[in-house]
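Student: Once you've had a glance at the structure underneath, I'll fire off some questions.
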Amino acid sequence: MDKKIKNKKVKKITDATSRGLPGSRSSYFYWWMLLLVILFTAFIRIRLLSIPLERDEGEYAYMGQLILQGIPPYLISYNMKLPGIYAAYALIMSVFGESIEGIHLGFLFINAATTLMVFLVAKRLDDSTTGIIASASFAILSVSPSVLGTSAHATHFVLLPALGGIFLMLKAIDSGKWKHLFWSGILLGISFMMKQPGVFFIIFAFLYLLFNLERRHDIPFRTLLKQGALFLFGSILPFVLTLGILSMVGVFEKFWFWTFLYAYEYASQIPFSIGLKRLLAQVPHIMGHFYLLWAVAGLGISALSWDKISRIHAPFILGFFVFSFLAVCPGLYFREHYFVLILPAVSLLIGIGINSLKRLILKFQPTFQWMPAILFLVSFFIGVVQQGSFFFKLTPFEACRAMYGYNIFPESIRIADYIKTHSKENDKIAVLGSEPQIYFYSNRHSATGYIYMYDLMQNKKYALKMQKEMAEEIEKAKPTYLIFVNVLFSWMWNERSDRYIFNWFEAYQKNQFSLVGIMDMLSDDQTEYRWDAEVLHYSPRSPIFLAIYKNKTRGD
């Protein structure tokens, strides 16, 4: 019996040593490598810190700005996002400032923390080698322009608490300290509050927890129920508290309509066949210049069948990959930044693939055990070199153009500066276009809750009603400025779109407003601006332009 216990202890110590315990030389080596990885990608992000906000970032920043002013989400501005992302932006801006640089600096720390969590999850599943490879893969893939990685999208904010919750769940399973399950649920519940697809990580974690508890024959059934209930209670609690807060501030009905009822309509309009075509067309673009790393992830999938150590964790690895992919799928839109949600799973597979190959070579030819590391480094740096222009050469303006093309994200800054200079703090403005970043830059409230025009243009039962509500809200608010955005990407109109809002705008501005500014995008690096008296002798020469109108009843 003593010998048996001793052998168990030896095995436990050996397994722990392979993971890199604190204080060991290998531990310090891997932690230094992790720091190097984070610093490398942080350098890229810092170089592009002032890249203009795109419209999703503009929405989050504007909503966060309203929260800091004491105005709850959904009161004077509506959208389908859950309020967690708005609260996260408010927190970032309260620490780093209400600026492009402040937002992206806070995002840098979020991404660094997520990279750390990828390392910890992979290390707990396998060892520190898998951890460092997975974290390095995630760090570089998540900054890639193929997933719009320099923009602080909600998908990044989903990942940090989701991975934290999954790590605590694994820790609870390994240690038997079930108190971790409550906090695991809390973190996963927070991930859902950042964006609805976070629910898939909750489902995965719960199913994997049940899978492991069911195999523990030494635990009474009643105890198993308690552990599952503890996890579920933690995961539901953030949502329940949010409902209570939103009810107290009087915005529950708007919140429920936009984030659940209307969100369901929005997510169910694309047929499966079209969604599948979008996915197949998008995958090569998402891989981008890091196609070799994605190929190594394929090696990781195959390793689950021929590597004994990896096979032990196959239920977790495959389940995590499947549910991460499902998190990308809602609505079947498959936009670039949605794929951020699958990057931790892909990175874990890369780590598993390289480390499994190393173990295989060690069995037959230990002399060449270094070859898998070379394979990873070559795959990593080929992608970095091919993406080098974006990472190391382009200015923030050029990087924005490279990712977003003829969207008016850089131009929004100058337009907002004009409005801020020529208006008072309590003046309201209305942007007819999906450019919420203008509200944030100008620090002016919207005269309407509709800060996106896409919902008004789609062939849905709500479109015409929303157009009429928007017109009524603007007329009631009597904004100081009207901004009309003549950019397809800002409307996404089609031949079936109702034209009510355009006809209303034409009559409304003609009677009460005068033209005071024009932005005319002639090319990707040439934009003409005309202000005040200059607009009288200028007509837009490009189909991509913006017009600013001032209320005739408002003085300077």
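The chains in the structure tokens are called A, B, ... from first to last as shown; in each chain the residues are counted from 1, and the ligands are counted from 1 in the order shown.
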Any idea what's packed within 7 Å of Leu482 of chain A, counting only C-alpha atoms, ignoring anything in its chain fewer than 4 positions away? Could you give it as an MDAnalysis selection string?
Tutor: chainID A and resid 429:431 548:550
Student: Contacts of Asn79 of chain A at 9 Å or less, counting only C-alpha atoms, minus same-chain residues fewer than 4 places along, as a PyMOL selection string?
Tutor: chain A and resi 59+73-74+255+258-259+263+449-452
Student: What would the file look like if the residues just selected were written as a short mmCIF file (atom, residue, chain, number, x, y, z; two decimals), in the first residue's frame with N, CA and C atoms?
Tutor:
data_model
loop_
_atom_site.label_atom_id
_atom_site.label_comp_id
_atom_site.auth_asym_id
_atom_site.auth_seq_id
_atom_site.Cartn_x
_atom_site.Cartn_y
_atom_site.Cartn_z
N GLU A 59 -20.12 52.66 -31.73
CA GLU A 59 -21.34 52.38 -30.96
C GLU A 59 -21.01 52.11 -29.50
N PRO A 73 -27.99 52.40 -21.11
CA PRO A 73 -28.19 51.93 -22.49
C PRO A 73 -29.67 51.76 -22.79
N TYR A 74 -30.03 51.91 -24.06
CA TYR A 74 -31.38 51.70 -24.59
C TYR A 74 -32.35 52.83 -24.23
N PHE A 255 -34.77 47.25 -23.86
CA PHE A 255 -33.71 46.26 -23.82
C PHE A 255 -34.20 44.92 -24.34
N TRP A 258 -34.94 44.93 -28.23
CA TRP A 258 -33.79 45.01 -29.11
C TRP A 258 -32.85 43.80 -29.00
N THR A 259 -32.61 43.34 -27.80
CA THR A 259 -31.59 42.30 -27.61
C THR A 259 -32.12 40.87 -27.75
N ALA A 263 -33.46 40.95 -32.13
CA ALA A 263 -32.22 40.21 -32.43
C ALA A 263 -32.55 38.86 -33.07
N GLY A 449 -32.91 57.51 -31.26
CA GLY A 449 -32.31 56.30 -30.72
C GLY A 449 -31.75 55.40 -31.81
N TYR A 450 -32.11 55.67 -33.06
CA TYR A 450 -31.64 54.83 -34.17
C TYR A 450 -30.27 55.32 -34.64
N ILE A 451 -29.23 54.62 -34.21
CA ILE A 451 -27.87 55.01 -34.58
C ILE A 451 -27.32 54.15 -35.70
N TYR A 452 -28.09 53.15 -36.13
CA TYR A 452 -27.76 52.34 -37.32
C TYR A 452 -28.93 52.40 -38.29
#
Student: Just the residues within 8 Å of segment 116-119 of chain A, please, counting only C-alpha atoms, with nothing from its chain fewer than 4 positions along; format it as a ChimeraX atom specification.
Tutor: /A:34,112,123,128,130-132,134-135,138,160,163-164,167,344,348
Student: Using only C-alpha atoms, which of the listed residues (A:Ala122, A:Leu105, A:Met403, A:Ile190) sits closest to Ser50 of chain A?
Tutor: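 Using only C-alpha atoms, Ser50 of chain A sits closest to A:Leu105.
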Student: Can you pull out every residue within 6 Å of segment 512-524 of chain A, counting only C-alpha atoms, but drop anything in the same chain fewer than 6 positions away, and send it as a PyMOL selection string?
Tutor: chain A and resi 530-532+540+542+544-552
